[in-house]
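Student: One file is attached below, my_file-v1.cif, containing mmCIF, C-alpha atoms.
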```
data_data
loop_
_atom_site.label_atom_id
_atom_site.label_comp_id
_atom_site.auth_asym_id
_atom_site.auth_seq_id
_atom_site.Cartn_x
_atom_site.Cartn_y
_atom_site.Cartn_z
CA MET A 2 23.00 129.08 -69.51
CA ILE A 3 26.00 131.42 -69.48
CA ARG A 4 29.48 130.14 -68.76
CA GLU A 5 32.25 132.61 -67.91
CA ILE A 6 36.00 132.26 -68.42
CA ASP A 7 38.67 134.72 -67.31
CA LEU A 8 41.50 134.80 -69.84
CA ILE A 9 43.34 137.82 -68.45
CA GLY A 10 47.09 137.28 -68.88
CA GLU A 11 46.67 134.39 -71.32
CA VAL A 12 48.25 134.65 -74.78
CA CYS A 13 47.87 132.64 -77.98
CA PRO A 14 47.01 129.89 -78.49
CA ILE A 15 45.62 129.22 -74.97
CA PRO A 16 42.51 131.49 -75.20
CA ILE A 17 41.29 129.82 -78.40
CA ILE A 18 41.90 126.33 -77.03
CA ARG A 19 40.00 127.12 -73.81
CA ALA A 20 37.16 128.78 -75.71
CA ARG A 21 36.81 125.78 -78.05
CA GLN A 22 36.86 123.33 -75.13
CA ALA A 23 34.24 125.34 -73.22
CA LEU A 24 31.97 125.61 -76.26
CA GLN A 25 32.06 121.85 -76.74
CA GLY A 26 30.43 121.45 -73.33
CA LEU A 27 27.61 123.90 -74.11
CA ALA A 28 24.25 123.29 -75.80
CA THR A 29 22.96 125.28 -78.76
CA GLY A 30 21.71 128.66 -77.55
CA ASP A 31 24.00 128.68 -74.48
CA ALA A 32 26.46 131.54 -74.12
CA LEU A 33 30.15 131.71 -73.29
CA ARG A 34 31.50 134.96 -71.82
CA LEU A 35 35.24 135.56 -71.96
CA ARG A 36 37.37 138.36 -70.52
CA THR A 37 40.69 138.96 -72.23
CA ASP A 38 43.43 141.58 -72.34
CA TYR A 39 45.02 140.18 -75.48
CA ASN A 40 43.78 141.86 -78.66
CA ARG A 41 44.87 138.93 -80.84
CA THR A 42 42.40 136.78 -78.90
CA VAL A 43 39.57 139.10 -79.94
CA ARG A 44 40.46 138.84 -83.62
CA ASN A 45 41.05 135.08 -83.46
CA LEU A 46 37.76 134.43 -81.65
CA LEU A 47 35.93 136.65 -84.11
CA ASP A 48 37.37 134.62 -87.03
CA PHE A 49 36.57 131.38 -85.20
CA CYS A 50 32.93 132.38 -84.59
CA GLU A 51 32.47 133.44 -88.20
CA ASP A 52 33.95 130.12 -89.36
CA GLU A 53 31.75 128.07 -87.02
CA GLY A 54 28.60 130.19 -87.38
CA HIS A 55 28.34 131.24 -83.70
CA ASP A 56 26.92 134.63 -82.72
CA PHE A 57 29.31 136.93 -80.92
CA GLU A 58 29.35 140.30 -79.24
CA ILE A 59 32.43 142.26 -78.21
CA ASP A 60 32.62 145.06 -75.64
CA GLU A 61 35.76 146.94 -74.66
CA THR A 62 35.07 147.30 -70.96
CA GLY A 63 38.29 149.20 -70.23
CA ASP A 64 41.53 150.16 -71.94
CA GLY A 65 42.78 146.88 -73.37
CA ILE A 66 40.14 144.70 -71.65
CA TRP A 67 37.55 143.02 -73.83
CA LEU A 68 34.42 141.07 -72.91
CA ILE A 69 33.44 138.62 -75.62
CA THR A 70 30.07 136.87 -75.52
CA ILE A 71 29.68 133.89 -77.83
CA THR A 72 26.27 132.31 -78.33
CA LYS A 73 26.58 128.76 -79.59
CA ARG A 74 24.74 127.97 -82.85
CA MET B 13 31.38 146.25 -80.81
CA ARG B 14 31.80 148.97 -78.20
CA ARG B 15 35.20 150.63 -78.06
CA SER B 16 36.80 152.92 -75.48
CA SER B 17 38.28 156.13 -76.87
CA GLN B 18 42.05 156.30 -77.25
CA LEU B 19 42.20 159.75 -78.83
CA ALA B 20 44.80 161.09 -76.40
CA LEU B 21 47.13 158.13 -76.98
CA THR B 22 46.71 158.45 -80.76
CA LEU B 23 47.58 162.15 -80.65
CA VAL B 24 50.68 161.46 -78.51
CA THR B 25 51.78 158.75 -80.97
CA VAL B 26 51.29 160.98 -84.02
CA PHE B 27 53.19 163.78 -82.25
CA PHE B 28 56.06 161.35 -81.46
CA ILE B 29 56.25 160.17 -85.11
CA VAL B 30 56.27 163.74 -86.45
CA PHE B 31 58.77 164.88 -83.78
CA ILE B 32 61.25 162.13 -84.71
CA ALA B 33 60.74 162.89 -88.44
CA VAL B 34 61.50 166.59 -87.84
CA GLU B 35 64.57 165.68 -85.76
CA ILE B 36 65.86 163.42 -88.54
CA CYS B 37 65.25 166.15 -91.14
CA ALA B 38 67.17 168.62 -89.00
CA ARG B 39 70.15 166.30 -88.64
CA ARG B 40 70.34 163.81 -91.55
CA HIS B 41 67.35 164.48 -93.81
CA ASN B 42 68.39 161.75 -96.28
CA HIS B 43 67.52 159.19 -93.57
CA LEU B 44 63.89 160.31 -93.28
CA TRP B 45 62.70 157.54 -95.60
CA VAL B 46 64.17 154.91 -93.21
CA TRP B 47 62.00 156.28 -90.38
CA LEU B 48 58.91 156.43 -92.61
CA ILE B 49 59.43 152.84 -93.81
CA ALA B 50 59.91 151.73 -90.17
CA VAL B 51 56.66 153.43 -89.11
CA GLY B 52 54.86 151.93 -92.14
CA MET B 53 56.18 148.46 -91.34
CA GLY B 54 55.18 148.77 -87.69
CA PHE B 55 51.66 149.84 -88.62
CA THR B 56 51.37 147.02 -91.20
CA LEU B 57 52.57 144.45 -88.67
CA TYR B 58 50.09 145.71 -86.08
CA ARG B 59 47.12 145.72 -88.46
CA SER B 60 47.99 142.38 -90.05
CA GLY B 61 48.84 140.67 -86.78
CA LEU B 62 51.56 138.73 -88.60
CA CYS B 63 52.85 136.00 -86.30
CA PHE B 64 55.33 133.28 -87.19
CA SER B 65 54.33 131.43 -84.05
CA SER B 66 50.68 131.24 -85.16
CA ALA B 67 51.83 130.25 -88.65
CA CYS B 68 53.44 127.17 -87.07
CA THR B 69 50.92 126.35 -84.33
CA ASP B 70 47.53 127.16 -85.92
CA PRO B 71 47.75 124.41 -88.59
CA VAL B 72 48.54 121.81 -85.90
CA LEU B 73 46.06 122.99 -83.27
CA PHE B 74 43.15 124.29 -85.36
CA ALA B 75 43.77 123.15 -88.98
CA ASP B 76 43.88 126.89 -89.72
CA PHE B 77 46.37 127.83 -92.44
CA GLY B 78 45.51 131.53 -92.81
CA MET B 79 48.62 132.80 -91.03
CA SER B 80 50.81 130.13 -92.67
CA ARG B 81 49.72 131.36 -96.08
CA ALA B 82 50.41 134.97 -95.06
CA VAL B 83 53.95 133.98 -94.05
CA LEU B 84 54.45 132.03 -97.30
CA LEU B 85 53.32 135.10 -99.26
CA LEU B 86 55.70 137.26 -97.23
CA LEU B 87 58.57 134.87 -97.99
CA ALA B 88 57.72 134.87 -101.72
CA LEU B 89 57.75 138.69 -101.80
CA SER B 90 61.04 138.67 -99.87
CA VAL B 91 62.61 136.24 -102.35
CA VAL B 92 61.69 138.52 -105.26
CA GLY B 93 62.81 141.68 -103.44
CA ILE B 94 66.12 140.29 -102.19
CA THR B 95 66.90 138.74 -105.58
CA LEU B 96 66.36 142.09 -107.32
CA VAL B 97 68.55 143.90 -104.78
CA GLN B 98 71.30 141.29 -105.14
CA ILE B 99 71.20 141.32 -108.97
CA TYR B 100 71.36 145.12 -108.91
CA ALA B 101 74.38 145.07 -106.56
CA VAL B 102 76.21 142.38 -108.56
CA ALA B 103 75.54 144.19 -111.87
CA ARG B 104 77.13 147.33 -110.40
CA GLY B 105 80.15 145.39 -109.12
CA GLN B 106 79.21 145.89 -105.46
CA THR B 107 79.52 143.39 -102.60
CA LEU B 108 76.62 140.93 -102.51
CA PRO B 109 74.11 142.21 -99.92
CA GLY B 110 72.72 139.80 -97.32
CA TYR B 111 74.23 136.98 -95.30
CA ILE B 112 74.84 133.49 -96.67
CA HIS B 113 75.32 131.28 -93.64
CA PRO B 114 76.56 127.69 -93.35
CA PHE B 115 74.11 125.25 -91.81
CA GLY B 116 74.22 121.97 -89.92
CA ALA B 117 72.65 119.89 -87.18
CA TYR B 118 73.15 122.86 -84.86
CA THR B 119 70.67 124.78 -87.05
CA VAL B 120 68.06 122.11 -86.28
CA VAL B 121 68.84 122.24 -82.54
CA GLY B 122 68.66 126.04 -82.57
CA GLY B 123 65.40 125.95 -84.53
CA PHE B 124 63.87 123.52 -82.06
CA LEU B 125 64.90 125.58 -79.02
CA PHE B 126 63.68 128.80 -80.65
CA GLY B 127 60.38 127.15 -81.62
CA LEU B 128 59.90 125.84 -78.08
CA GLY B 129 60.53 129.27 -76.59
CA MET B 130 58.29 130.91 -79.18
CA VAL B 131 55.31 128.69 -78.39
CA LEU B 132 55.81 128.96 -74.60
CA ALA B 133 56.11 132.76 -74.80
CA GLY B 134 53.06 133.06 -77.04
CA GLY B 135 54.81 134.77 -79.92
CA CYS B 136 57.81 135.14 -82.18
CA VAL B 137 60.06 138.21 -82.28
CA VAL B 138 57.58 140.07 -84.51
CA ARG B 139 54.66 139.25 -82.22
CA THR B 140 56.73 140.27 -79.18
CA LEU B 141 57.41 143.71 -80.69
CA GLN B 142 53.73 144.04 -81.59
CA GLY B 143 52.78 143.13 -78.03
CA ILE B 144 55.13 145.76 -76.59
CA GLY B 145 53.73 148.32 -79.02
CA GLU B 146 50.23 147.43 -77.84
CA GLY B 147 51.26 148.07 -74.24
CA SER B 148 51.55 144.49 -72.99
CA MET B 149 53.99 144.29 -70.06
CA LEU B 150 54.21 140.52 -70.47
CA PHE B 151 56.03 140.90 -73.78
CA TRP B 152 58.74 143.03 -72.15
CA LEU B 153 59.57 139.91 -70.17
CA VAL B 154 59.57 137.88 -73.40
CA LEU B 155 61.89 140.45 -75.02
CA MET B 156 64.31 140.11 -72.11
CA GLY B 157 64.22 136.33 -72.56
CA LEU B 158 64.86 136.80 -76.27
CA GLY B 159 67.86 139.02 -75.60
CA LEU B 160 69.25 136.65 -72.99
CA GLY B 161 68.71 133.60 -75.23
CA SER B 162 70.40 135.31 -78.19
CA LEU B 163 73.34 136.30 -75.98
CA VAL B 164 73.80 132.77 -74.64
CA GLY B 165 73.33 131.33 -78.16
CA ALA B 166 75.95 133.64 -79.69
CA TYR B 167 78.37 132.92 -76.82
CA HIS B 168 77.90 129.14 -77.06
CA LEU B 169 77.57 128.73 -80.86
CA ALA B 170 81.20 127.69 -81.44
CA TRP B 171 80.71 124.74 -79.04
CA TRP B 172 77.80 123.40 -81.14
CA ILE B 173 79.51 124.01 -84.49
CA GLY B 174 82.59 122.11 -83.30
CA ARG B 175 80.61 119.04 -82.18
CA LEU B 176 77.76 118.62 -84.68
CA PRO B 177 77.88 117.83 -88.42
CA SER B 178 77.61 120.84 -90.68
CA ALA B 179 77.80 121.89 -94.32
CA GLY B 180 79.22 124.98 -95.99
CA PRO B 181 77.04 127.85 -97.14
CA VAL B 182 74.94 127.22 -100.26
CA PHE B 183 74.25 130.13 -102.59
CA LEU B 184 71.78 128.81 -105.17
CA PRO B 185 72.32 131.52 -107.84
CA ALA B 186 76.01 130.50 -108.00
CA ILE B 187 74.95 126.91 -108.79
CA ILE B 188 71.84 127.19 -111.00
CA GLY B 189 71.81 130.88 -111.90
CA TRP B 190 69.50 133.73 -110.87
CA PRO B 191 66.42 132.65 -112.89
CA GLY B 192 66.75 129.02 -111.78
CA SER B 193 67.23 129.84 -108.08
CA THR B 194 64.34 132.31 -108.07
CA ALA B 195 62.06 129.85 -109.87
CA LEU B 196 63.07 127.05 -107.48
CA SER B 197 62.44 129.16 -104.36
CA LEU B 198 59.11 130.52 -105.62
CA GLY B 199 58.10 127.07 -106.85
CA ALA B 200 58.77 125.52 -103.42
CA LEU B 201 56.75 128.27 -101.71
CA ALA B 202 53.91 127.91 -104.24
CA ALA B 203 53.86 124.14 -103.65
CA LEU B 204 53.57 124.71 -99.89
CA PHE B 205 50.78 127.27 -100.47
CA TRP B 206 48.89 124.81 -102.66
CA TRP B 207 49.39 122.07 -100.05
CA THR B 208 47.85 124.27 -97.31
CA LEU B 209 44.77 124.82 -99.51
CA ARG B 210 44.43 121.09 -100.15
CA TRP B 211 44.85 120.22 -96.46
CA ARG B 212 42.28 122.84 -95.43
CA LYS B 213 39.80 121.47 -97.98
CA ARG B 214 40.33 117.90 -96.79
CA SER B 215 40.04 118.79 -93.08
CA ARG B 216 36.70 120.53 -93.80
CA GLY B 217 35.26 117.65 -95.76
CA GLY B 218 35.81 119.23 -99.16
CA VAL B 219 34.63 122.72 -98.20
CA GLU B 220 37.18 125.44 -98.74
CA GLY B 221 37.30 128.11 -96.04
#
```
As a first step, turn the structure in this file into structure tokens.
Tutor:
Amino acid sequence: MIREIDLIGEVCPIPIIRARQALQGLATGDALRLRTDYNRTVRNLLDFCEDEGHDFEIDETGDGIWLITITKR
Amino acid sequence: MRRSSQLALTLVTVFFIVFIAVEICARRHNHLWVWLIAVGMGFTLYRSGLCFSSACTDPVLFADFGMSRAVLLLLALSVVGITLVQIYAVARGQTLPGYIHPFGAYTVVGGFLFGLGMVLAGGCVVRTLQGIGEGSMLFWLVLMGLGLGSLVGAYHLAWWIGRLPSAGPVFLPAIIGWPGSTALSLGALAALFWWTLRWRKRSRGGVEG
């Protein structure tokens, strides 16, 4: 299952809170896809995934727009 | 991670930095180092992502003390740097550099209002400037709010000072000497740093991260 969240326009700490809440509702192996235009969100989510052991993939889909895919582990 | 190319923007930025440096050299070349330090500080802030707002909110929201420790380290370096500058000035018979302000209940009120605004806006002054540098239009709005808030605060400060309890300025080196004041400040910061490590360990069930 893939859940998508649009975080365009959201700044810290809202993106991390919403990502954590969404991940809690997912099963292991499910993916969470987030769109953000806030570069701090990318770094924070990357740190969070490394801390929690989730897989992640980041694509810059446009200037200043990132698509982050987190696979829950 | 896939990235889009920003070569053109990078070239424009480098050209701007060099252009300003040449202009300064042509006019007041002894001020070039100020520009270079400013560019260096801006780059360091951008790469480090230093944020006083995160330093305050991350421990509460996520039990994450990384940014708090970065700010504590920054404060410790500042204490050492400012102390050296002040000792140097005093030894040469110059006026003491820096501001030594009185404080009072109005400081607490101001701190609370600033903290509230900082969390709602998603960043402190440093983060706001970073955001503008990164091209975020939202942070221009935050900067305007900052300017407006500072203006209202400066205009209304006398009202608060006149109505709330306050104390005179405290300059620790004048009371306990330079070594004592430096040791006290660094000791307090080190204690806070140690406490963040302990808290982190406890919140992770004994695992340091």
Student: Could you work out which residues of chain A fall inside 12 Å of chain B? Count only C-alpha atoms, and format the result as a count of residues only.
Tutor: 40
Student: Apply the PyMOL selection byres ((chain B and resi 119) around 12) to the displayed file and report the matching residues as a tab-separated table (two decimals) with C-alpha atoms, keeping the file's coordinate frame.
Tutor:
```tsv
chain	number	residue	atom	x	y	z
B	113	HIS	CA	75.32	131.28	-93.64
B	114	PRO	CA	76.56	127.69	-93.35
B	115	PHE	CA	74.11	125.25	-91.81
B	116	GLY	CA	74.22	121.97	-89.92
B	117	ALA	CA	72.65	119.89	-87.18
B	118	TYR	CA	73.15	122.86	-84.86
B	120	VAL	CA	68.06	122.11	-86.28
B	121	VAL	CA	68.84	122.24	-82.54
B	122	GLY	CA	68.66	126.04	-82.57
B	123	GLY	CA	65.40	125.95	-84.53
B	124	PHE	CA	63.87	123.52	-82.06
B	125	LEU	CA	64.90	125.58	-79.02
B	126	PHE	CA	63.68	128.80	-80.65
B	127	GLY	CA	60.38	127.15	-81.62
B	165	GLY	CA	73.33	131.33	-78.16
B	169	LEU	CA	77.57	128.73	-80.86
B	172	TRP	CA	77.80	123.40	-81.14
B	173	ILE	CA	79.51	124.01	-84.49
B	176	LEU	CA	77.76	118.62	-84.68
B	177	PRO	CA	77.88	117.83	-88.42
B	178	SER	CA	77.61	120.84	-90.68
B	179	ALA	CA	77.80	121.89	-94.32
```
Student: Find the residue from B:Val83, B:Leu153, B:Leu160, B:Leu204 that sits nearest to Thr140 of chain B; use only C-alpha atoms when measuring.
Tutor: B:Leu153
Student: Please expand the PyMOL selection byres ((chain B and resi 99) around 12) into the concrete residues it hits in this file, giving the result as number ranges by chain.
Tutor: B: 91-98, 100-110, 185-186, 189-191, 194
Student: Step by step, work through what the PyMOL selection byres ((chain B and resi 202) around 12) selects in the shown file, and finish by giving those residues as a list in words.
Tutor: Arg81, Val83, Leu84, Leu85, Leu86, Leu87, Ala88, Leu89, Thr194, Ala195, Leu196, Ser197, Leu198, Gly199, Ala200, Leu201, Ala203, Leu204, Phe205, Trp206, Trp207, Thr208 and Leu209 of chain B
Student: Those same residues - C-alpha atoms - I'd like them written as an mmCIF file, in the frame of the given file.
Tutor:
```
data_model
loop_
_atom_site.group_PDB
_atom_site.id
_atom_site.type_symbol
_atom_site.label_atom_id
_atom_site.label_comp_id
_atom_site.auth_asym_id
_atom_site.auth_seq_id
_atom_site.Cartn_x
_atom_site.Cartn_y
_atom_site.Cartn_z
ATOM 1 C CA ARG B 81 49.720 131.360 -96.080
ATOM 2 C CA VAL B 83 53.950 133.980 -94.050
ATOM 3 C CA LEU B 84 54.450 132.030 -97.300
ATOM 4 C CA LEU B 85 53.320 135.100 -99.260
ATOM 5 C CA LEU B 86 55.700 137.260 -97.230
ATOM 6 C CA LEU B 87 58.570 134.870 -97.990
ATOM 7 C CA ALA B 88 57.720 134.870 -101.720
ATOM 8 C CA LEU B 89 57.750 138.690 -101.800
ATOM 9 C CA THR B 194 64.340 132.310 -108.070
ATOM 10 C CA ALA B 195 62.060 129.850 -109.870
ATOM 11 C CA LEU B 196 63.070 127.050 -107.480
ATOM 12 C CA SER B 197 62.440 129.160 -104.360
ATOM 13 C CA LEU B 198 59.110 130.520 -105.620
ATOM 14 C CA GLY B 199 58.100 127.070 -106.850
ATOM 15 C CA ALA B 200 58.770 125.520 -103.420
ATOM 16 C CA LEU B 201 56.750 128.270 -101.710
ATOM 17 C CA ALA B 203 53.860 124.140 -103.650
ATOM 18 C CA LEU B 204 53.570 124.710 -99.890
ATOM 19 C CA PHE B 205 50.780 127.270 -100.470
ATOM 20 C CA TRP B 206 48.890 124.810 -102.660
ATOM 21 C CA TRP B 207 49.390 122.070 -100.050
ATOM 22 C CA THR B 208 47.850 124.270 -97.310
ATOM 23 C CA LEU B 209 44.770 124.820 -99.510
#
```
Student: So, with all atoms listed in the file as the atoms that count, which of A:His55, A:Leu35, A:Arg74, A:Cys50 lies closest to Ala23 of chain A?
Tutor: A:Leu35
Student: When you look at Ile112 of chain B with a cut-off of 8 Å (counting all atoms listed in the file), what residues show up, excluding the ones that are within fewer than 5 positions of it in the same chain? I need them as an MDAnalysis selection string.
Tutor: chainID B and resid 181:183
Student: In Å, how far is it from atom CA of Gly54 of chain A to atom CA of Arg210 of chain B?
Tutor: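 Distance between the two atoms: 22.3 Å.
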Student: For each of A:Ala20, A:Leu33, A:Leu46, A:Ala28, take the minimum atom-to-atom distance to Arg4 of chain A, counting only C-alpha atoms, then give the residue where this is smallest.
Tutor: A:Leu33
Student: Using all atoms listed in the file, which protein or nucleic acid residues come within 6 Å of Lys73 of chain A? Drop anything in the same chain fewer than 6 positions from it, and give the result as a list in words.
Tutor: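 The neighbour list is Thr29, Gly30, Asp31 and His55 of chain A.
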Student: Could you work out how far atom CA of Asp7 of chain A lies from atom CA of Arg36 of chain A, giving the answer in Å with one decimal?
Tutor: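 Those two atoms sit 5.0 Å apart.
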Student: Working from the structure I just supplied, which lacks atoms in segment 7-22 of chain A, can you model N, CA, C and O atoms there and output them as a tab-separated table (two decimals), in the coordinates of the input?
Tutor:
```
chain	number	residue	atom	x	y	z
A	7	ASP	N	37.77	133.57	-67.41
A	7	ASP	CA	38.67	134.72	-67.31
A	7	ASP	C	39.99	134.37	-68.00
A	7	ASP	O	40.69	133.46	-67.57
A	8	LEU	N	40.29	135.09	-69.06
A	8	LEU	CA	41.50	134.80	-69.84
A	8	LEU	C	42.54	135.91	-69.70
A	8	LEU	O	43.45	136.02	-70.52
A	9	ILE	N	42.38	136.72	-68.65
A	9	ILE	CA	43.34	137.82	-68.45
A	9	ILE	C	44.75	137.22	-68.24
A	9	ILE	O	44.94	136.33	-67.43
A	10	GLY	N	45.70	137.75	-69.00
A	10	GLY	CA	47.09	137.28	-68.88
A	10	GLY	C	47.43	136.12	-69.79
A	10	GLY	O	48.60	135.76	-69.92
A	11	GLU	N	46.41	135.54	-70.43
A	11	GLU	CA	46.67	134.39	-71.32
A	11	GLU	C	46.95	134.88	-72.74
A	11	GLU	O	46.29	135.79	-73.23
A	12	VAL	N	47.94	134.27	-73.40
A	12	VAL	CA	48.25	134.65	-74.78
A	12	VAL	C	48.06	133.44	-75.69
A	12	VAL	O	47.86	132.32	-75.22
A	13	CYS	N	48.10	133.69	-76.99
A	13	CYS	CA	47.87	132.64	-77.98
A	13	CYS	C	48.80	131.45	-77.77
A	13	CYS	O	49.95	131.65	-77.42
A	14	PRO	N	48.34	130.26	-78.00
A	14	PRO	CA	47.01	129.89	-78.49
A	14	PRO	C	46.04	129.47	-77.38
A	14	PRO	O	44.98	128.94	-77.66
A	15	ILE	N	46.42	129.71	-76.11
A	15	ILE	CA	45.62	129.22	-74.97
A	15	ILE	C	44.16	129.72	-74.99
A	15	ILE	O	43.23	128.92	-74.81
A	16	PRO	N	43.91	131.03	-75.23
A	16	PRO	CA	42.51	131.49	-75.20
A	16	PRO	C	41.61	130.74	-76.19
A	16	PRO	O	40.48	130.39	-75.84
A	17	ILE	N	42.12	130.50	-77.40
A	17	ILE	CA	41.29	129.82	-78.40
A	17	ILE	C	41.04	128.37	-77.99
A	17	ILE	O	39.92	127.85	-78.13
A	18	ILE	N	42.06	127.73	-77.46
A	18	ILE	CA	41.90	126.33	-77.03
A	18	ILE	C	40.85	126.25	-75.93
A	18	ILE	O	39.94	125.41	-75.97
A	19	ARG	N	40.96	127.16	-74.93
A	19	ARG	CA	40.00	127.12	-73.81
A	19	ARG	C	38.59	127.46	-74.26
A	19	ARG	O	37.62	126.88	-73.79
A	20	ALA	N	38.49	128.41	-75.20
A	20	ALA	CA	37.16	128.78	-75.71
A	20	ALA	C	36.53	127.61	-76.46
A	20	ALA	O	35.35	127.29	-76.29
A	21	ARG	N	37.32	126.94	-77.28
A	21	ARG	CA	36.81	125.78	-78.05
A	21	ARG	C	36.36	124.66	-77.10
A	21	ARG	O	35.31	124.06	-77.30
A	22	GLN	N	37.21	124.40	-76.08
A	22	GLN	CA	36.86	123.33	-75.13
A	22	GLN	C	35.57	123.67	-74.39
A	22	GLN	O	34.70	122.82	-74.22
```
